[in-house]
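Undergrad: Input structure: my_file.pdb, which contains PDB, C-alpha atoms and all ligand atoms.
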```pdb
MODEL        1
ATOM      1  CA  MET A   1     -39.966 -78.273 -17.172
ATOM      2  CA  ILE A   2     -40.750 -74.940 -18.797
ATOM      3  CA  LYS A   3     -41.314 -71.597 -17.076
ATOM      4  CA  VAL A   4     -44.815 -70.218 -17.725
ATOM      5  CA  TRP A   5     -45.455 -67.527 -15.068
ATOM      6  CA  ASP A   6     -43.119 -64.571 -14.460
ATOM      7  CA  GLY A   7     -42.357 -63.261 -10.963
ATOM      8  CA  PHE A   8     -44.807 -60.383 -11.233
ATOM      9  CA  ILE A   9     -47.849 -62.529 -12.080
ATOM     10  CA  ARG A  10     -47.032 -64.899  -9.215
ATOM     11  CA  GLY A  11     -46.659 -62.078  -6.684
ATOM     12  CA  PHE A  12     -49.613 -60.140  -8.151
ATOM     13  CA  HIS A  13     -51.967 -63.031  -7.418
ATOM     14  CA  TRP A  14     -51.165 -63.282  -3.702
ATOM     15  CA  LEU A  15     -51.028 -59.486  -3.217
ATOM     16  CA  LEU A  16     -54.504 -59.413  -4.820
ATOM     17  CA  VAL A  17     -55.782 -62.108  -2.427
ATOM     18  CA  ILE A  18     -54.352 -60.268   0.641
ATOM     19  CA  GLY A  19     -55.666 -56.894  -0.607
ATOM     20  CA  ILE A  20     -59.213 -58.168  -1.140
ATOM     21  CA  ALA A  21     -59.245 -59.896   2.270
ATOM     22  CA  VAL A  22     -58.091 -56.673   4.029
ATOM     23  CA  LEU A  23     -60.626 -54.586   2.039
ATOM     24  CA  TYR A  24     -63.484 -56.963   2.845
ATOM     25  CA  VAL A  25     -62.796 -57.019   6.593
ATOM     26  CA  SER A  26     -61.991 -53.278   6.893
ATOM     27  CA  GLY A  27     -65.116 -52.338   4.850
ATOM     28  CA  ASP A  28     -67.309 -54.602   6.938
ATOM     29  CA  GLU A  29     -65.869 -53.357  10.254
ATOM     30  CA  GLY A  30     -65.967 -49.693   9.193
ATOM     31  CA  TRP A  31     -62.163 -49.236   9.515
ATOM     32  CA  LEU A  32     -62.276 -46.793   6.629
ATOM     33  CA  ASP A  33     -58.768 -45.269   6.846
ATOM     34  CA  LEU A  34     -57.265 -48.745   6.428
ATOM     35  CA  HIS A  35     -59.920 -49.457   3.759
ATOM     36  CA  PHE A  36     -58.966 -46.358   1.743
ATOM     37  CA  VAL A  37     -55.175 -46.907   1.903
ATOM     38  CA  THR A  38     -55.553 -50.582   0.912
ATOM     39  CA  GLY A  39     -57.988 -49.540  -1.830
ATOM     40  CA  TYR A  40     -55.384 -47.194  -3.371
ATOM     41  CA  LEU A  41     -52.719 -49.922  -3.202
ATOM     42  CA  LEU A  42     -55.093 -52.404  -4.882
ATOM     43  CA  LEU A  43     -55.952 -49.838  -7.568
ATOM     44  CA  ALA A  44     -52.207 -49.395  -8.261
ATOM     45  CA  LEU A  45     -51.809 -53.192  -8.397
ATOM     46  CA  MET A  46     -54.718 -53.689 -10.821
ATOM     47  CA  VAL A  47     -53.619 -50.842 -13.129
ATOM     48  CA  THR A  48     -50.119 -52.393 -13.157
ATOM     49  CA  ARG A  49     -51.653 -55.786 -14.090
ATOM     50  CA  ILE A  50     -53.413 -54.162 -17.077
ATOM     51  CA  ILE A  51     -50.149 -52.427 -18.159
ATOM     52  CA  TRP A  52     -48.374 -55.802 -17.710
ATOM     53  CA  GLY A  53     -51.102 -57.275 -19.920
ATOM     54  CA  VAL A  54     -49.765 -55.048 -22.728
ATOM     55  CA  ILE A  55     -45.984 -54.944 -22.120
ATOM     56  CA  GLY A  56     -45.484 -58.124 -20.030
ATOM     57  CA  SER A  57     -44.852 -61.825 -20.683
ATOM     58  CA  ASP A  58     -46.702 -63.802 -23.372
ATOM     59  CA  THR A  59     -48.760 -65.644 -20.711
ATOM     60  CA  ALA A  60     -49.752 -62.340 -19.029
ATOM     61  CA  LYS A  61     -50.940 -60.624 -22.230
ATOM     62  CA  LEU A  62     -54.552 -59.435 -22.358
ATOM     63  CA  SER A  63     -54.656 -60.697 -25.951
ATOM     64  CA  ALA A  64     -53.880 -64.220 -24.642
ATOM     65  CA  LEU A  65     -57.059 -64.018 -22.505
ATOM     66  CA  CYS A  66     -59.494 -63.567 -25.417
ATOM     67  CA  HIS A  67     -60.857 -66.777 -26.951
ATOM     68  CA  HIS A  68     -63.746 -67.962 -29.116
ATOM     69  CA  PRO A  69     -66.719 -69.336 -27.081
ATOM     70  CA  ARG A  70     -66.139 -72.740 -28.770
ATOM     71  CA  ALA A  71     -62.571 -72.842 -27.378
ATOM     72  CA  ILE A  72     -63.945 -72.011 -23.904
ATOM     73  CA  LEU A  73     -66.470 -74.879 -24.089
ATOM     74  CA  SER A  74     -63.893 -77.403 -25.254
ATOM     75  CA  ALA A  75     -61.470 -76.261 -22.505
ATOM     76  CA  LEU A  76     -64.192 -77.040 -19.945
ATOM     77  CA  LYS A  77     -64.350 -80.637 -21.217
ATOM     78  CA  SER A  78     -60.598 -81.150 -21.576
ATOM     79  CA  LYS A  79     -58.079 -81.999 -18.879
ATOM     80  CA  ALA A  80     -54.995 -81.289 -20.956
ATOM     81  CA  PRO A  81     -52.580 -78.903 -19.174
ATOM     82  CA  HIS A  82     -52.281 -75.547 -20.923
ATOM     83  CA  VAL A  83     -49.343 -73.119 -21.155
ATOM     84  CA  GLY A  84     -50.800 -70.039 -19.412
ATOM     85  CA  HIS A  85     -54.523 -69.718 -18.631
ATOM     86  CA  ASN A  86     -56.695 -72.101 -20.622
ATOM     87  CA  PRO A  87     -59.634 -70.455 -22.482
ATOM     88  CA  ALA A  88     -62.102 -71.166 -19.628
ATOM     89  CA  GLY A  89     -59.637 -69.860 -17.016
ATOM     90  CA  SER A  90     -59.076 -66.769 -19.188
ATOM     91  CA  LEU A  91     -62.792 -65.963 -19.014
ATOM     92  CA  MET A  92     -62.629 -66.199 -15.218
ATOM     93  CA  VAL A  93     -59.612 -63.853 -15.175
ATOM     94  CA  LEU A  94     -61.412 -61.267 -17.365
ATOM     95  CA  PHE A  95     -64.467 -61.570 -15.099
ATOM     96  CA  PHE A  96     -62.262 -60.831 -12.059
ATOM     97  CA  PHE A  97     -60.658 -57.819 -13.736
ATOM     98  CA  VAL A  98     -64.078 -56.273 -14.553
ATOM     99  CA  VAL A  99     -65.666 -56.996 -11.150
ATOM    100  CA  ILE A 100     -62.616 -55.777  -9.184
ATOM    101  CA  PHE A 101     -62.442 -52.522 -11.197
ATOM    102  CA  VAL A 102     -66.192 -51.969 -10.653
ATOM    103  CA  GLN A 103     -65.594 -52.433  -6.898
ATOM    104  CA  LEU A 104     -62.629 -50.029  -6.916
ATOM    105  CA  VAL A 105     -64.264 -47.281  -8.990
ATOM    106  CA  SER A 106     -67.580 -47.492  -7.092
ATOM    107  CA  GLY A 107     -65.523 -47.228  -3.842
ATOM    108  CA  LEU A 108     -63.822 -44.039  -5.073
ATOM    109  CA  LEU A 109     -67.351 -42.606  -5.532
ATOM    110  CA  THR A 110     -68.786 -43.897  -2.224
ATOM    111  CA  SER A 111     -69.349 -41.968   1.002
ATOM    112  CA  ASP A 112     -70.200 -43.296   4.480
ATOM    113  CA  ASP A 113     -72.431 -40.184   4.789
ATOM    114  CA  ILE A 114     -70.629 -39.223   8.018
ATOM    115  CA  LEU A 115     -66.897 -38.582   7.824
ATOM    116  CA  MET A 116     -65.329 -40.339   4.881
ATOM    117  CA  ASP A 117     -65.842 -39.543   1.203
ATOM    118  CA  GLY A 118     -64.142 -41.468  -1.585
ATOM    119  CA  PRO A 119     -61.804 -39.051  -3.448
ATOM    120  CA  LEU A 120     -64.089 -38.727  -6.508
ATOM    121  CA  VAL A 121     -67.251 -37.906  -4.507
ATOM    122  CA  GLN A 122     -66.565 -34.140  -4.734
ATOM    123  CA  TYR A 123     -66.809 -34.233  -8.545
ATOM    124  CA  VAL A 124     -70.295 -35.803  -8.908
ATOM    125  CA  SER A 125     -73.882 -35.218  -7.752
ATOM    126  CA  TYR A 126     -75.401 -36.975  -4.720
ATOM    127  CA  ASP A 127     -77.438 -39.301  -7.018
ATOM    128  CA  TRP A 128     -74.226 -40.721  -8.439
ATOM    129  CA  VAL A 129     -72.773 -41.176  -4.949
ATOM    130  CA  GLU A 130     -75.905 -43.051  -3.872
ATOM    131  CA  LEU A 131     -75.799 -45.254  -6.983
ATOM    132  CA  ALA A 132     -72.069 -45.964  -6.475
ATOM    133  CA  GLY A 133     -72.730 -46.888  -2.814
ATOM    134  CA  ASN A 134     -75.415 -49.387  -3.880
ATOM    135  CA  ILE A 135     -73.121 -50.867  -6.539
ATOM    136  CA  HIS A 136     -70.272 -51.067  -3.970
ATOM    137  CA  GLN A 137     -72.510 -53.069  -1.606
ATOM    138  CA  THR A 138     -74.007 -55.406  -4.253
ATOM    139  CA  ASN A 139     -70.925 -56.017  -6.395
ATOM    140  CA  ILE A 140     -69.024 -57.433  -3.406
ATOM    141  CA  ASP A 141     -71.420 -60.439  -3.431
ATOM    142  CA  ILE A 142     -70.705 -61.013  -7.143
ATOM    143  CA  LEU A 143     -66.965 -60.891  -6.363
ATOM    144  CA  LEU A 144     -67.345 -63.367  -3.472
ATOM    145  CA  LEU A 145     -69.343 -65.743  -5.700
ATOM    146  CA  GLY A 146     -66.619 -65.500  -8.373
ATOM    147  CA  ILE A 147     -63.923 -66.300  -5.785
ATOM    148  CA  ALA A 148     -65.882 -69.363  -4.594
ATOM    149  CA  ILE A 149     -66.292 -70.669  -8.185
ATOM    150  CA  HIS A 150     -62.575 -69.944  -8.850
ATOM    151  CA  ILE A 151     -61.427 -72.004  -5.850
ATOM    152  CA  ILE A 152     -63.841 -74.880  -6.659
ATOM    153  CA  ALA A 153     -62.607 -74.893 -10.304
ATOM    154  CA  ILE A 154     -58.938 -75.063  -9.177
ATOM    155  CA  ALA A 155     -59.854 -77.986  -6.846
ATOM    156  CA  LEU A 156     -61.745 -79.805  -9.664
ATOM    157  CA  TYR A 157     -58.740 -79.452 -11.993
ATOM    158  CA  ARG A 158     -56.586 -80.921  -9.188
ATOM    159  CA  PHE A 159     -58.898 -83.982  -9.052
ATOM    160  CA  LYS A 160     -58.442 -84.316 -12.826
ATOM    161  CA  GLY A 161     -54.656 -84.307 -12.201
ATOM    162  CA  VAL A 162     -53.938 -80.745 -13.410
ATOM    163  CA  LYS A 163     -51.863 -79.024 -10.723
ATOM    164  CA  LEU A 164     -52.613 -75.343 -11.449
ATOM    165  CA  LEU A 165     -51.720 -74.162  -7.947
ATOM    166  CA  ARG A 166     -48.269 -75.745  -8.041
ATOM    167  CA  THR A 167     -47.645 -74.116 -11.431
ATOM    168  CA  LEU A 168     -48.715 -70.711 -10.076
ATOM    169  CA  LEU A 169     -46.500 -71.120  -6.973
ATOM    170  CA  THR A 170     -43.363 -72.336  -8.761
ATOM    171  CA  GLY A 171     -43.987 -70.656 -12.129
ATOM    172  CA  LYS A 172     -43.036 -73.945 -13.840
ATOM    173  CA  MET A 173     -44.867 -76.879 -15.445
ATOM    174  CA  ALA A 174     -43.937 -80.096 -17.227
ATOM    175  CA  ALA A 175     -44.547 -79.666 -20.965
ATOM    176  CA  SER A 176     -42.972 -80.612 -24.260
ATOM    177  CA  GLU A 177     -43.894 -77.273 -25.850
ATOM    178  CA  HIS A 178     -41.521 -74.303 -26.282
ATOM    179  CA  SER A 179     -41.277 -71.905 -23.330
ATOM    180  CA  PRO A 180     -43.387 -68.762 -23.759
ATOM    181  CA  LYS A 181     -41.508 -65.441 -23.887
ATOM    182  CA  LEU A 182     -41.291 -64.151 -20.298
ATOM    183  CA  LYS A 183     -40.340 -60.648 -19.125
ATOM    184  CA  ASN A 184     -38.444 -59.803 -15.934
ATOM    185  CA  GLY A 185     -41.178 -59.413 -13.280
ATOM    186  CA  MET A 186     -39.107 -56.770 -11.481
ATOM    187  CA  TRP A 187     -40.375 -54.180 -14.001
ATOM    188  CA  GLY A 188     -43.933 -54.973 -12.910
ATOM    189  CA  TYR A 189     -43.041 -54.318  -9.273
ATOM    190  CA  ILE A 190     -41.303 -51.034 -10.198
ATOM    191  CA  ILE A 191     -44.427 -49.819 -12.062
ATOM    192  CA  PHE A 192     -46.582 -50.917  -9.095
ATOM    193  CA  ALA A 193     -44.345 -49.049  -6.590
ATOM    194  CA  VAL A 194     -44.426 -45.819  -8.643
ATOM    195  CA  LEU A 195     -48.234 -45.920  -9.039
ATOM    196  CA  ALA A 196     -48.763 -46.860  -5.365
ATOM    197  CA  VAL A 197     -46.625 -43.958  -4.092
ATOM    198  CA  ALA A 198     -48.332 -41.527  -6.515
ATOM    199  CA  LEU A 199     -51.860 -42.581  -5.420
ATOM    200  CA  ILE A 200     -51.009 -42.471  -1.712
ATOM    201  CA  VAL A 201     -49.386 -39.019  -2.047
ATOM    202  CA  PHE A 202     -52.287 -37.724  -4.157
ATOM    203  CA  TRP A 203     -55.233 -39.187  -2.205
ATOM    204  CA  GLY A 204     -54.104 -41.208   0.787
ATOM    205  CA  LEU A 205     -51.770 -39.185   3.083
ATOM    206  CA  GLU A 206     -54.521 -38.275   5.569
ATOM    207  CA  SER A 207     -55.743 -41.884   5.895
ATOM    208  CA  LEU A 208     -52.178 -43.192   6.068
ATOM    209  CA  GLY A 209     -51.430 -40.700   8.878
ATOM    210  CA  ALA A 210     -54.546 -41.868  10.743
ATOM    211  CA  ILE A 211     -53.503 -45.549  10.743
ATOM    212  CA  LEU A 212     -49.807 -44.984  11.576
TER
HETATM  213  C1  LIG B   1     -61.747 -54.294  -4.377
HETATM  214  C2  LIG B   1     -61.778 -53.246  -3.579
HETATM  215  C3  LIG B   1     -62.804 -53.028  -2.483
HETATM  216  C4  LIG B   1     -63.548 -53.941  -1.760
HETATM  217  C5  LIG B   1     -63.518 -55.471  -1.868
HETATM  218  C6  LIG B   1     -64.393 -53.186  -0.871
HETATM  219  C7  LIG B   1     -65.295 -53.737   0.030
HETATM  220  C8  LIG B   1     -66.129 -53.029   0.868
HETATM  221  C9  LIG B   1     -67.066 -53.609   1.791
HETATM  222  C10 LIG B   1     -67.296 -55.117   2.008
HETATM  223  C11 LIG B   1     -67.718 -52.592   2.429
HETATM  224  C12 LIG B   1     -68.829 -52.713   3.473
HETATM  225  C13 LIG B   1     -70.152 -52.587   2.769
HETATM  226  C14 LIG B   1     -71.304 -52.720   3.705
HETATM  227  O1  LIG B   1     -71.221 -52.212   4.830
HETATM  228  O2  LIG B   1     -72.290 -53.315   3.271
HETATM  229  C15 LIG B   1     -67.178 -51.358   1.915
HETATM  230  C16 LIG B   1     -67.578 -50.097   2.320
HETATM  231  C17 LIG B   1     -67.002 -48.917   1.894
HETATM  232  N1  LIG B   1     -65.999 -48.790   0.942
HETATM  233 FE1  LIG B   1     -65.087 -50.308  -0.049
HETATM  234  N2  LIG B   1     -64.155 -51.846  -1.046
HETATM  235  C18 LIG B   1     -63.180 -51.706  -2.010
HETATM  236  C19 LIG B   1     -62.617 -50.530  -2.465
HETATM  237  C20 LIG B   1     -62.915 -49.266  -1.964
HETATM  238  C21 LIG B   1     -62.236 -48.033  -2.346
HETATM  239  C22 LIG B   1     -61.081 -47.930  -3.350
HETATM  240  C23 LIG B   1     -62.829 -47.012  -1.646
HETATM  241  C24 LIG B   1     -62.506 -45.542  -1.647
HETATM  242  C25 LIG B   1     -61.288 -45.065  -1.619
HETATM  243  C26 LIG B   1     -63.897 -47.605  -0.836
HETATM  244  C27 LIG B   1     -64.756 -46.890  -0.024
HETATM  245  C28 LIG B   1     -65.722 -47.441   0.798
HETATM  246  C29 LIG B   1     -66.586 -46.655   1.690
HETATM  247  C30 LIG B   1     -66.618 -45.110   1.838
HETATM  248  C31 LIG B   1     -67.388 -47.580   2.371
HETATM  249  C32 LIG B   1     -68.456 -47.282   3.444
HETATM  250  C33 LIG B   1     -69.830 -47.272   2.813
HETATM  251  C34 LIG B   1     -70.922 -47.024   3.858
HETATM  252  O3  LIG B   1     -70.632 -46.795   5.012
HETATM  253  O4  LIG B   1     -72.074 -47.091   3.429
HETATM  254  N3  LIG B   1     -63.919 -48.973  -1.055
HETATM  255  N4  LIG B   1     -66.209 -51.642   0.954
HETATM  256  C1  LIG B   2     -59.468 -63.249  -3.208
HETATM  257  C2  LIG B   2     -59.396 -64.452  -3.789
HETATM  258  C3  LIG B   2     -58.839 -64.685  -5.174
HETATM  259  C4  LIG B   2     -58.884 -63.879  -6.281
HETATM  260  C5  LIG B   2     -59.559 -62.516  -6.446
HETATM  261  C6  LIG B   2     -58.159 -64.578  -7.341
HETATM  262  C7  LIG B   2     -57.978 -64.078  -8.616
HETATM  263  C8  LIG B   2     -57.193 -64.655  -9.587
HETATM  264  C9  LIG B   2     -56.802 -64.040 -10.841
HETATM  265  C10 LIG B   2     -57.210 -62.613 -11.286
HETATM  266  C11 LIG B   2     -56.024 -64.915 -11.511
HETATM  267  C12 LIG B   2     -55.323 -64.675 -12.850
HETATM  268  C13 LIG B   2     -53.890 -64.216 -12.583
HETATM  269  C14 LIG B   2     -53.369 -63.337 -13.705
HETATM  270  O1  LIG B   2     -53.202 -63.777 -14.848
HETATM  271  O2  LIG B   2     -53.133 -62.154 -13.446
HETATM  272  C15 LIG B   2     -55.942 -66.131 -10.719
HETATM  273  C16 LIG B   2     -55.264 -67.280 -11.076
HETATM  274  C17 LIG B   2     -55.134 -68.378 -10.252
HETATM  275  N1  LIG B   2     -55.596 -68.500  -8.945
HETATM  276 FE1  LIG B   2     -56.646 -67.149  -7.907
HETATM  277  N2  LIG B   2     -57.699 -65.777  -6.866
HETATM  278  C18 LIG B   2     -58.088 -65.878  -5.541
HETATM  279  C19 LIG B   2     -57.811 -66.899  -4.670
HETATM  280  C20 LIG B   2     -57.151 -68.052  -5.008
HETATM  281  C21 LIG B   2     -56.874 -69.156  -4.104
HETATM  282  C22 LIG B   2     -57.273 -69.202  -2.618
HETATM  283  C23 LIG B   2     -56.213 -70.097  -4.819
HETATM  284  C24 LIG B   2     -55.727 -71.442  -4.348
HETATM  285  C25 LIG B   2     -56.494 -72.475  -4.355
HETATM  286  C26 LIG B   2     -56.064 -69.604  -6.176
HETATM  287  C27 LIG B   2     -55.451 -70.257  -7.200
HETATM  288  C28 LIG B   2     -55.214 -69.746  -8.464
HETATM  289  C29 LIG B   2     -54.503 -70.460  -9.507
HETATM  290  C30 LIG B   2     -53.912 -71.870  -9.396
HETATM  291  C31 LIG B   2     -54.462 -69.618 -10.625
HETATM  292  C32 LIG B   2     -53.855 -69.944 -12.009
HETATM  293  C33 LIG B   2     -54.978 -70.515 -12.834
HETATM  294  C34 LIG B   2     -54.516 -70.955 -14.223
HETATM  295  O3  LIG B   2     -53.474 -71.601 -14.323
HETATM  296  O4  LIG B   2     -55.213 -70.616 -15.203
HETATM  297  N3  LIG B   2     -56.654 -68.351  -6.255
HETATM  298  N4  LIG B   2     -56.645 -65.932  -9.550
ENDMDL
END
```
Give the structure from the file, written as structure tokens.
Ligand code: HEM
Ligand code: HEM

TA:
Amino acid sequence: MIKVWDGFIRGFHWLLVIGIAVLYVSGDEGWLDLHFVTGYLLLALMVTRIIWGVIGSDTAKLSALCHHPRAILSALKSKAPHVGHNPAGSLMVLFFFVVIFVQLVSGLLTSDDILMDGPLVQYVSYDWVELAGNIHQTNIDILLLGIAIHIIAIALYRFKGVKLLRTLLTGKMAASEHSPKLKNGMWGYIIFAVLAVALIVFWGLESLGAIL
């Protein structure tokens, strides 16, 4: 057995899943104080993931996610287990990063036109706020479609005998290759905590007060 996922990547994934579920329900129900606070926490989490993609473990590196289209096509046909994300999985991960950041940034620029303005609304004209609101409403469907494809892909790999979920949960997989260089995930959580506190203090104290 070799260790392929550090503690931060494993925790990041499930915090991301919980965050998106809370944001979807709170956005849909109009519970905007909860929506804003969770949005700031998810922004801190995603920025930490990008920083971790530069300073973190080999398997978390952003450079490990970039592959030639030919490698992506051959990964789709292969069922060989891969140390880290395979080239097709890497494309999915990059897709998620882009779509989630579009959702976050458009949210920061969105207003409900009644009581709640995203924190960047004050800096732009109403046209931009309207555009951001439309993007915020449309992009969520692209994100949901991506999540559906992601879960179906993981299930298809399972049928082919590749247990990606078990590897993500335990961090370990059976392989004869050398272990990749992993960093202590605790540093990821420390960066996340610092960014989360800073964003809540800077933008989120009023909303946090309203939900407590
Ligand atoms: C990945 C992160 C996010 C997701 C998945 C998400 C999702 C949603 C959803 C599903 C809605 C309901 C849209 C509708 O009624 O059609 C919504 C509305 C809204 N979101 Fe987000 N959101 C995210 C981040 C944010 C952030 C960071 C902010 C600002 C701090 C924000 C501000 C708003 C506002 C102001 C509305 C109400 C829009 C209206 O009433 O027209 N969102 N969001
Ligand atoms: C809101 C829903 C979800 C989102 C946005 C999401 C997003 C992601 C992202 C961004 C990664 C890459 C992790 C990284 O390198 O940072 C990933 C990997 C992974 N996800 Fe999800 N995920 C979701 C739900 C799920 C669910 C429900 C499962 C369980 C079936 C799952 C199983 C996995 C597995 C096994 C991997 C590792 C794939 C590999 O080895 O290449 N995900 N997911």

Undergrad: So which residues are near ligand LIG 1 (chain B), meaning at most 7 Å away with all atoms listed in the file counted, given back as a PyMOL selection string?

TA: chain A and resi 20+23-25+27-28+30+32+35-36+39-40+42-43+100+103-105+107-113+116-119+133+136-137+140

Undergrad: Please produce a file of those selected residues containing C-alpha atoms, as a PDB file, in the frame of the given file.

TA:
```pdb
ATOM      1  CA  ILE A  20     -59.213 -58.168  -1.140  1.00  0.00           C
ATOM      2  CA  LEU A  23     -60.626 -54.586   2.039  1.00  0.00           C
ATOM      3  CA  TYR A  24     -63.484 -56.963   2.845  1.00  0.00           C
ATOM      4  CA  VAL A  25     -62.796 -57.019   6.593  1.00  0.00           C
ATOM      5  CA  GLY A  27     -65.116 -52.338   4.850  1.00  0.00           C
ATOM      6  CA  ASP A  28     -67.309 -54.602   6.938  1.00  0.00           C
ATOM      7  CA  GLY A  30     -65.967 -49.693   9.193  1.00  0.00           C
ATOM      8  CA  LEU A  32     -62.276 -46.793   6.629  1.00  0.00           C
ATOM      9  CA  HIS A  35     -59.920 -49.457   3.759  1.00  0.00           C
ATOM     10  CA  PHE A  36     -58.966 -46.358   1.743  1.00  0.00           C
ATOM     11  CA  GLY A  39     -57.988 -49.540  -1.830  1.00  0.00           C
ATOM     12  CA  TYR A  40     -55.384 -47.194  -3.371  1.00  0.00           C
ATOM     13  CA  LEU A  42     -55.093 -52.404  -4.882  1.00  0.00           C
ATOM     14  CA  LEU A  43     -55.952 -49.838  -7.568  1.00  0.00           C
ATOM     15  CA  ILE A 100     -62.616 -55.777  -9.184  1.00  0.00           C
ATOM     16  CA  GLN A 103     -65.594 -52.433  -6.898  1.00  0.00           C
ATOM     17  CA  LEU A 104     -62.629 -50.029  -6.916  1.00  0.00           C
ATOM     18  CA  VAL A 105     -64.264 -47.281  -8.990  1.00  0.00           C
ATOM     19  CA  GLY A 107     -65.523 -47.228  -3.842  1.00  0.00           C
ATOM     20  CA  LEU A 108     -63.822 -44.039  -5.073  1.00  0.00           C
ATOM     21  CA  LEU A 109     -67.351 -42.606  -5.532  1.00  0.00           C
ATOM     22  CA  THR A 110     -68.786 -43.897  -2.224  1.00  0.00           C
ATOM     23  CA  SER A 111     -69.349 -41.968   1.002  1.00  0.00           C
ATOM     24  CA  ASP A 112     -70.200 -43.296   4.480  1.00  0.00           C
ATOM     25  CA  ASP A 113     -72.431 -40.184   4.789  1.00  0.00           C
ATOM     26  CA  MET A 116     -65.329 -40.339   4.881  1.00  0.00           C
ATOM     27  CA  ASP A 117     -65.842 -39.543   1.203  1.00  0.00           C
ATOM     28  CA  GLY A 118     -64.142 -41.468  -1.585  1.00  0.00           C
ATOM     29  CA  PRO A 119     -61.804 -39.051  -3.448  1.00  0.00           C
ATOM     30  CA  GLY A 133     -72.730 -46.888  -2.814  1.00  0.00           C
ATOM     31  CA  HIS A 136     -70.272 -51.067  -3.970  1.00  0.00           C
ATOM     32  CA  GLN A 137     -72.510 -53.069  -1.606  1.00  0.00           C
ATOM     33  CA  ILE A 140     -69.024 -57.433  -3.406  1.00  0.00           C
TER      34      ILE A 140
END
```

Undergrad: Provide the atom CA of Arg70 of chain A to atom C34 of ligand LIG 2 (chain B) distance in Å, to one decimal place.

TA: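 One can read the atom CA of Arg70 of chain A to atom C34 of ligand LIG 2 (chain B) distance as 18.7 Å.
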
Undergrad: Produce as a PyMOL selection string the set of residues near ligand LIG 2 (chain B), where near means within 8 Å with all atoms listed in the file considered.

TA: chain A and resi 9-10+12-14+16-21+49+59-60+82+84-86+89-90+92-94+96-97+100+143-144+146-147+150-151+154-155+163-169

Undergrad: Identify, on the basis of all atoms listed in the file, every residue whose closest approach to Met1 of chain A does not exceed 9 Å; exclude the query and any residue fewer than 4 positions from it along the same chain; express the result as a list in words.

TA: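 Counting only the stated atoms, we get Lys172, Met173, Ala174, Ala175, Ser176 and Ser179 of chain A.
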
Undergrad: Go through A:Leu120, A:Ile2, A:Val129, A:Ile191 one by one, measure the shortest atom-to-atom distance of each to Met46 of chain A using all atoms listed in the file, and give the residue with the smallest value.

TA: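 The answer is A:Ile191, which sits nearest to Met46 of chain A.
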
Undergrad: Show me as a list of chain:residue names the residues that reach within 12 Å of (-51.1, -39.9, 4.9), counting all atoms listed in the file and using the file's own coordinates.

TA: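 Residues lying no farther than 12 Å from the given point: A:Asp33, A:Leu34, A:Phe36, A:Val37, A:Tyr40, A:Val197, A:Ala198, A:Leu199, A:Ile200, A:Val201, A:Phe202, A:Trp203, A:Gly204, A:Leu205, A:Glu206, A:Ser207, A:Leu208, A:Gly209, A:Ala210, A:Ile211, A:Leu212.
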
Undergrad: Find the distance between atom CA of Pro87 of chain A and atom CA of Leu182 of chain A and write it in Å to one decimal.

TA: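 Answer for the atom CA of Pro87 of chain A to atom CA of Leu182 of chain A separation: 19.5 Å.
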
Undergrad: Here is a test: counting only C-alpha atoms, which residue of A:Tyr126, A:Lys3, A:Asn134, A:Leu15 is nearest to Ala44 of chain A?

TA: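 Going through A:Tyr126, A:Lys3, A:Asn134, A:Leu15 one by one, the smallest distance to Ala44 of chain A is for A:Leu15.
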
Undergrad: So how many Å separate atom CA of Leu41 of chain A and atom CA of Cys66 of chain A, to one decimal?

TA: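 Straight-line distance from atom CA of Leu41 of chain A to atom CA of Cys66 of chain A works out to 26.9 Å.
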
Undergrad: Pick out the closest residue to Ala193 of chain A from this set: A:Ser106, A:Thr38, A:Thr48, A:Ser26. Count only C-alpha atoms.

TA: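 Residue with the minimum atom-to-atom distance to Ala193 of chain A: A:Thr48.
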
Undergrad: Find the residues around Gly171 of chain A up to 7 Å (only C-alpha atoms counted), leave out those fewer than 5 positions away in its own chain, and share them as a ChimeraX atom specification.

TA: /A:3-6

Undergrad: Would you place a box with edges along x, y and z of the file around all atoms of segment 60-74 of chain A listed there, add 6 Å to each of its six sides, and report the centre and edge lengths in Å to one decimal, as AutoDock Vina command-line options?

TA:
```
--center_x -58.2 --center_y -68.4 --center_z -24.1 --size_x 29.0 --size_y 30.0 --size_z 22.1
```

Undergrad: Using all atoms listed in the file, find the one residue out of A:Gly53, A:Gly185, A:Gly161, A:Gly7 that sits nearest to Lys79 of chain A.

TA: A:Gly161
